[in-house]
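Input: a single structure, listed below in structure tokens.
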Amino acid sequence: MKFGIMTRNPDAWSSTQVREALNRHHILYECFTFPRLVARIAYKPYFKVNTTSILDDLDALIIRPIGRGSLEELVFRMDMLYKLERHGLYMINPPTAIEHCVDKYDILAMLEDINVPVPRTLATESVNEALRAFNELGGDVVVKPVFGSRGQGATRVNDIDIADTIFKAITFHHGVIYMQEFVEHGHSDIRAFVIGDQVIASMHRIADGWKTNYSRGARPAPAEISEEFKELAVKAAKAVGCKVAGVDILEGPQGPRIVDVNSQPGWKGLQMVAKLNIADEIVKFVLNEIKK
């Protein structure tokens with residue numbers, strides 16, 4: 001048996017954890033990046049990296065963050081994943097899940113449709129409409145890039161003149177204005193790690209400010225979340241097609257609000273407080289899935 005690990009950095013912490021877990025399970029693996037992958041049409045092997053034929057030699061593919069790129073590069077990478085899926089290669093996560101999760105508007109729109117609680121959110125290309133919505137949302141909002149992660153580019157705005165400047169800058173660069181009501185959450189949130197139909201580990205991320213990303217300095221703390229929160233996390237992950245996901249939950253005054261579903265989550269902070277080895281759980285899940 002042999003797995004592929006699609007990763008921009010094989011020595012990154014989470015990728016290293018996966019490699020070590022595969023070694024413990026006596027599973028061969030090959031790490032590679034998208035730029036090294038060769039795709040063929042009308043002659044085989046359809047996909048090759050070094051001497052490895054992806055479809056012939058690999059039993060599963062674990063996809064870590066696919067990296068930045070131009071629109072053409074990113075579309076091409078997704079095209080390759082879809083073709084691999086059509087030819088039966090098992091992937092964590094499937095390409096549809098990756099596409100949904102990279103788009104903040106798409107995620108929350110899908111979650112609202114299945115009655116998962118999310119913050120009030122507005123997206124528009126109109127500065128005037130955004131300024132009206134600024135007041136509708138209480139005059140205290142978080143403006144985010146539609147495509148982004150780790151809290152990068154997210155800005156809390158509670159002054160309408162500053163909001164006007166930010167909105168005009170976004171539209172000047174042909175961006176979409178995407179903003180959410182600010183949900184009071186006491187400088188902490190919950191990260192629930194979903195594998196299949198269950199939350200296998202969770203933590204509070206405690207920060208000095210309103211941004212609670214571990215990559216931005218938030219401190220992990222053990223959290224045994226309620227069954228309600230677990231059910232919401234699993235429901236959110238399944239709604240966007242994730243088999244493995246990091247689901248972010250705010251504990252607001254009106255109850256829980258799902259703010260993000262990450263299809264390629266890291267778990268360095270979570271592993272510090274988790275009782276089990278998360279990489280081992282991922283590998284065991286994949287093995288069980290491909291044996292069905």
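Please note that chains go A, B, ... in the order of the structure tokens, that every chain numbers its residues from 1, and that ligands are numbered from 1 in the order shown.
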
Please list as a ChimeraX atom specification every residue within 12 Å of Arg24 (chain A), counting only C-alpha atoms and excluding residues in the same chain fewer than 5 positions away. /A:17-19,29,277,279-281,283-284

Write the residues you've just listed into a file as a compact mmCIF listing (two decimals), in the first residue's frame, and include all heavy atoms for each of them.
```
# COMPACT_ATOMS: atom_id res chain seq x y z
N GLN A 17 3.80 15.10 10.76
CA GLN A 17 2.98 14.21 11.58
C GLN A 17 2.32 13.12 10.75
O GLN A 17 2.26 11.95 11.17
CB GLN A 17 1.90 15.04 12.28
CG GLN A 17 2.42 15.96 13.37
CD GLN A 17 2.81 15.21 14.61
OE1 GLN A 17 1.97 14.57 15.24
NE2 GLN A 17 4.07 15.27 14.98
N VAL A 18 1.85 13.47 9.57
CA VAL A 18 1.24 12.47 8.68
C VAL A 18 2.28 11.45 8.25
O VAL A 18 2.02 10.23 8.24
CB VAL A 18 0.59 13.15 7.46
CG1 VAL A 18 0.13 12.09 6.45
CG2 VAL A 18 -0.59 14.00 7.89
N ARG A 19 3.48 11.91 7.88
CA ARG A 19 4.53 10.98 7.44
C ARG A 19 4.88 10.01 8.57
O ARG A 19 5.04 8.80 8.33
CB ARG A 19 5.77 11.76 7.00
CG ARG A 19 5.56 12.55 5.72
CD ARG A 19 6.86 13.09 5.13
NE ARG A 19 7.42 14.17 5.92
CZ ARG A 19 8.54 14.09 6.63
NH1 ARG A 19 9.22 12.95 6.68
NH2 ARG A 19 8.98 15.13 7.31
N TYR A 29 4.88 6.02 1.29
CA TYR A 29 4.28 7.29 0.88
C TYR A 29 5.25 8.05 -0.02
O TYR A 29 6.45 7.77 -0.06
CB TYR A 29 3.93 8.15 2.10
CG TYR A 29 5.11 8.56 2.93
CD1 TYR A 29 5.88 9.68 2.60
CD2 TYR A 29 5.49 7.84 4.06
CE1 TYR A 29 6.97 10.04 3.36
CE2 TYR A 29 6.57 8.19 4.83
CZ TYR A 29 7.32 9.30 4.48
OH TYR A 29 8.40 9.66 5.23
N ASN A 277 -3.53 10.92 19.10
CA ASN A 277 -2.68 11.41 18.03
C ASN A 277 -3.55 11.65 16.80
O ASN A 277 -4.13 10.72 16.23
CB ASN A 277 -1.58 10.40 17.72
CG ASN A 277 -0.59 10.94 16.70
OD1 ASN A 277 -0.91 11.08 15.53
ND2 ASN A 277 0.61 11.25 17.16
N ALA A 279 -2.89 12.71 13.70
CA ALA A 279 -2.42 12.14 12.43
C ALA A 279 -2.73 10.66 12.35
O ALA A 279 -3.13 10.15 11.29
CB ALA A 279 -0.92 12.39 12.26
N ASP A 280 -2.57 9.94 13.46
CA ASP A 280 -2.93 8.52 13.48
C ASP A 280 -4.41 8.33 13.18
O ASP A 280 -4.79 7.39 12.45
CB ASP A 280 -2.61 7.90 14.84
CG ASP A 280 -1.15 7.49 14.97
OD1 ASP A 280 -0.51 7.23 13.93
OD2 ASP A 280 -0.65 7.44 16.11
N GLU A 281 -5.24 9.20 13.73
CA GLU A 281 -6.68 9.08 13.50
C GLU A 281 -7.03 9.33 12.04
O GLU A 281 -7.90 8.66 11.48
CB GLU A 281 -7.44 10.07 14.40
CG GLU A 281 -7.32 9.78 15.88
CD GLU A 281 -7.80 8.39 16.25
OE1 GLU A 281 -8.93 8.03 15.84
OE2 GLU A 281 -7.07 7.68 16.96
N VAL A 283 -5.01 8.75 9.42
CA VAL A 283 -4.54 7.59 8.66
C VAL A 283 -5.47 6.40 8.86
O VAL A 283 -5.83 5.70 7.90
CB VAL A 283 -3.09 7.24 9.05
CG1 VAL A 283 -2.67 5.90 8.44
CG2 VAL A 283 -2.14 8.35 8.59
N LYS A 284 -5.89 6.15 10.10
CA LYS A 284 -6.81 5.03 10.36
C LYS A 284 -8.13 5.23 9.63
O LYS A 284 -8.71 4.27 9.11
CB LYS A 284 -7.03 4.88 11.87
CG LYS A 284 -5.84 4.29 12.61
CD LYS A 284 -6.15 3.94 14.05
CE LYS A 284 -6.32 5.15 14.91
NZ LYS A 284 -6.48 4.81 16.35
```

Residues of region 103-218 of chain A that approach region 233-253 of chain A to 9 Å or less, counting only C-alpha atoms: could you list each one with the shortest pair of atoms and its distance in Å to one decimal, rows by chain and increasing residue number, as CSV?
```
residue,atom,partner,partner_atom,distance
A:Ile107,CA,A:Val240,CA,7.0
A:Met110,CA,A:Ala239,CA,7.1
A:Leu111,CA,A:Ala236,CA,6.3
A:Ile114,CA,A:Ala239,CA,7.9
A:Val116,CA,A:Ala236,CA,7.1
A:Val183,CA,A:Gly252,CA,5.9
A:Glu184,CA,A:Gly252,CA,5.7
A:His185,CA,A:Gly252,CA,5.4
A:Gly186,CA,A:Glu251,CA,8.5
A:Ser188,CA,A:Leu250,CA,7.7
A:Asp189,CA,A:Leu250,CA,5.0
A:Ile190,CA,A:Ile249,CA,5.0
A:Arg191,CA,A:Asp248,CA,4.7
A:Ala192,CA,A:Val247,CA,5.1
A:Phe193,CA,A:Gly246,CA,4.7
A:Val194,CA,A:Ala245,CA,5.1
A:Ile195,CA,A:Val244,CA,4.6
A:Gly196,CA,A:Lys243,CA,5.0
A:Asp197,CA,A:Val234,CA,6.1
A:Gln198,CA,A:Val234,CA,6.3
A:Val199,CA,A:Val234,CA,6.9
```

Quick one: everything within 9 Å of Thr124 (chain A), counting only C-alpha atoms, minus sequence neighbours fewer than 5 positions away in the same chain. Send it as a list in words.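 Returned residues: Glu129, Ala130, Val176, Ile177 and Tyr178 of chain A.
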
Residue subset to file, keeping N, CA and C atoms, as a PDB file, in the first residue's frame:
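Ended up saving to result-v9.pdb:
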```
ATOM      1  N   GLU A 129     -24.201  50.181  -0.938  1.00  0.00           N
ATOM      2  CA  GLU A 129     -24.944  49.121  -0.248  1.00  0.00           C
ATOM      3  C   GLU A 129     -24.185  48.635   0.982  1.00  0.00           C
ATOM      4  N   ALA A 130     -22.873  48.571   0.872  1.00  0.00           N
ATOM      5  CA  ALA A 130     -22.067  48.140   2.015  1.00  0.00           C
ATOM      6  C   ALA A 130     -22.177  49.135   3.167  1.00  0.00           C
ATOM      7  N   VAL A 176     -14.569  41.936  -3.702  1.00  0.00           N
ATOM      8  CA  VAL A 176     -15.934  41.878  -3.176  1.00  0.00           C
ATOM      9  C   VAL A 176     -15.894  42.293  -1.712  1.00  0.00           C
ATOM     10  N   ILE A 177     -16.791  43.183  -1.339  1.00  0.00           N
ATOM     11  CA  ILE A 177     -16.895  43.595   0.065  1.00  0.00           C
ATOM     12  C   ILE A 177     -17.652  42.506   0.812  1.00  0.00           C
ATOM     13  N   TYR A 178     -16.987  41.917   1.801  1.00  0.00           N
ATOM     14  CA  TYR A 178     -17.572  40.805   2.564  1.00  0.00           C
ATOM     15  C   TYR A 178     -17.419  41.161   4.035  1.00  0.00           C
TER      16      TYR A 178
END
```

To test your reading of the structure, identify every residue in region 64-199 of chain A that backbone DSSP assigns to strand (DSSP E or B), and report it as a list of chain:residue names.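 Selecting the strand (DSSP E or B) positions of region 64-199 of chain A gives A:Tyr90, A:Met91, A:Ile92, A:Thr121, A:Leu122, A:Ala123, A:Thr124, A:Val141, A:Val142, A:Val143, A:Thr155, A:Arg156, A:Val157, A:Ile177, A:Tyr178, A:Met179, A:Gln180, A:Glu181, A:Ser188, A:Asp189, A:Ile190, A:Arg191, A:Ala192, A:Phe193, A:Val194, A:Ile195, A:Gln198, A:Val199.
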
Those of region 163-235 of chain A in DSSP helix (DSSP H, G or I), formatted as a ChimeraX atom specification: /A:163-172,214-216,227-235

For CA of Cys101 (chain A) and CA of Gln264 (chain A), quote the distance in Å rounded to one decimal.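 CA of Cys101 (chain A) sits 8.9 Å away from CA of Gln264 (chain A).
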
Neighbour list for Arg219 (chain A) as a list in words, cut-off 12 Å, only C-alpha atoms, skip fewer than 4 positions in-chain: His187, Ser188, Asp189, Ile190, Arg191, Met203, His204, Arg205, Ile206, Ala207, Asp208, Gly209, Lys211, Thr212, Asn213, Tyr214, Ser215, Lys268, Gly269, Leu270, Met272 and Val273 of chain A

Option closest in space to Val127 (chain A), from A:Gly217, A:Gly175, A:Gly69, A:Pro35 [counting only C-alpha atoms]: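 Among the listed residues, the smallest separation from Val127 (chain A) belongs to A:Gly175.
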
If we count only C-alpha atoms, what is near Leu137 (chain A) at a cut-off of 10 Å, once residues fewer than 2 positions away on the same chain are taken out, given as a list in words?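 In the requested format, the answer is Pro119, Arg120, Thr121, Leu122, Arg132, Ala133, Phe134, Asn135, Gly139, Asp140, Val141, Met179, Gln180, Glu181 and Phe182 of chain A.
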
Selected residues written out, N, CA, C and O atoms, as a short mmCIF file (atom, residue, chain, number, x, y, z; two decimals), in the first residue's frame:
```cif
data_model
loop_
_atom_site.label_atom_id
_atom_site.label_comp_id
_atom_site.auth_asym_id
_atom_site.auth_seq_id
_atom_site.Cartn_x
_atom_site.Cartn_y
_atom_site.Cartn_z
N PRO A 119 -23.02 33.91 11.60
CA PRO A 119 -23.20 35.34 11.84
C PRO A 119 -23.93 36.02 10.68
O PRO A 119 -23.85 35.56 9.53
N ARG A 120 -24.65 37.10 10.97
CA ARG A 120 -25.23 37.90 9.90
C ARG A 120 -24.09 38.44 9.03
O ARG A 120 -23.12 39.01 9.54
N THR A 121 -24.23 38.24 7.75
CA THR A 121 -23.12 38.52 6.82
C THR A 121 -23.69 39.18 5.57
O THR A 121 -24.78 38.85 5.12
N LEU A 122 -22.93 40.13 5.01
CA LEU A 122 -23.31 40.75 3.76
C LEU A 122 -22.13 40.76 2.81
O LEU A 122 -21.00 41.03 3.21
N ARG A 132 -24.75 51.06 3.83
CA ARG A 132 -26.06 50.85 4.45
C ARG A 132 -26.02 49.64 5.37
O ARG A 132 -26.56 49.65 6.49
N ALA A 133 -25.39 48.57 4.90
CA ALA A 133 -25.32 47.33 5.68
C ALA A 133 -24.47 47.51 6.93
O ALA A 133 -24.72 46.85 7.95
N PHE A 134 -23.49 48.39 6.87
CA PHE A 134 -22.65 48.65 8.04
C PHE A 134 -23.51 49.02 9.23
O PHE A 134 -23.32 48.53 10.35
N ASN A 135 -24.51 49.89 8.99
CA ASN A 135 -25.41 50.28 10.08
C ASN A 135 -26.39 49.17 10.43
O ASN A 135 -26.72 48.96 11.60
N GLY A 139 -23.00 48.66 13.18
CA GLY A 139 -21.88 49.60 13.17
C GLY A 139 -20.60 49.02 13.75
O GLY A 139 -19.67 49.77 14.09
N ASP A 140 -20.53 47.73 13.86
CA ASP A 140 -19.32 47.05 14.35
C ASP A 140 -19.21 45.75 13.58
O ASP A 140 -19.95 44.80 13.84
N VAL A 141 -18.31 45.71 12.59
CA VAL A 141 -18.25 44.58 11.67
C VAL A 141 -16.82 44.09 11.51
O VAL A 141 -15.86 44.79 11.86
N MET A 179 -18.54 41.30 4.72
CA MET A 179 -18.44 41.68 6.13
C MET A 179 -19.48 40.97 6.97
O MET A 179 -20.56 40.61 6.50
N GLN A 180 -19.11 40.79 8.24
CA GLN A 180 -19.97 40.11 9.20
C GLN A 180 -20.15 40.99 10.42
O GLN A 180 -19.27 41.77 10.79
N GLU A 181 -21.33 40.83 11.05
CA GLU A 181 -21.51 41.47 12.34
C GLU A 181 -20.42 40.96 13.30
O GLU A 181 -20.02 39.79 13.25
N PHE A 182 -19.92 41.85 14.14
CA PHE A 182 -18.95 41.41 15.14
C PHE A 182 -19.70 40.69 16.25
O PHE A 182 -20.63 41.23 16.85
#
```

Please identify all polymer residues within 7 Å of Leu55 (chain A), counting only C-alpha atoms, omitting same-chain residues fewer than 3 positions from it, and present them as a list in words.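 Counting only C-alpha atoms, the residues come to Phe47, Leu58 and Leu89 of chain A.
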
Can you write out the residues you just picked, keeping N, CA, C and O atoms, as a compact mmCIF listing (two decimals), in the first residue's frame?
```txt
# COMPACT_ATOMS: atom_id res chain seq x y z
N PHE A 47 -1.41 10.87 -14.81
CA PHE A 47 -0.75 11.75 -13.85
C PHE A 47 0.53 11.07 -13.36
O PHE A 47 0.51 9.91 -12.96
N LEU A 58 -0.73 4.74 -6.33
CA LEU A 58 -1.19 5.25 -5.04
C LEU A 58 -2.58 4.73 -4.72
O LEU A 58 -3.44 4.60 -5.59
N LEU A 89 -9.53 7.73 -7.47
CA LEU A 89 -8.55 7.89 -6.40
C LEU A 89 -9.22 8.50 -5.17
O LEU A 89 -9.91 9.52 -5.26
```
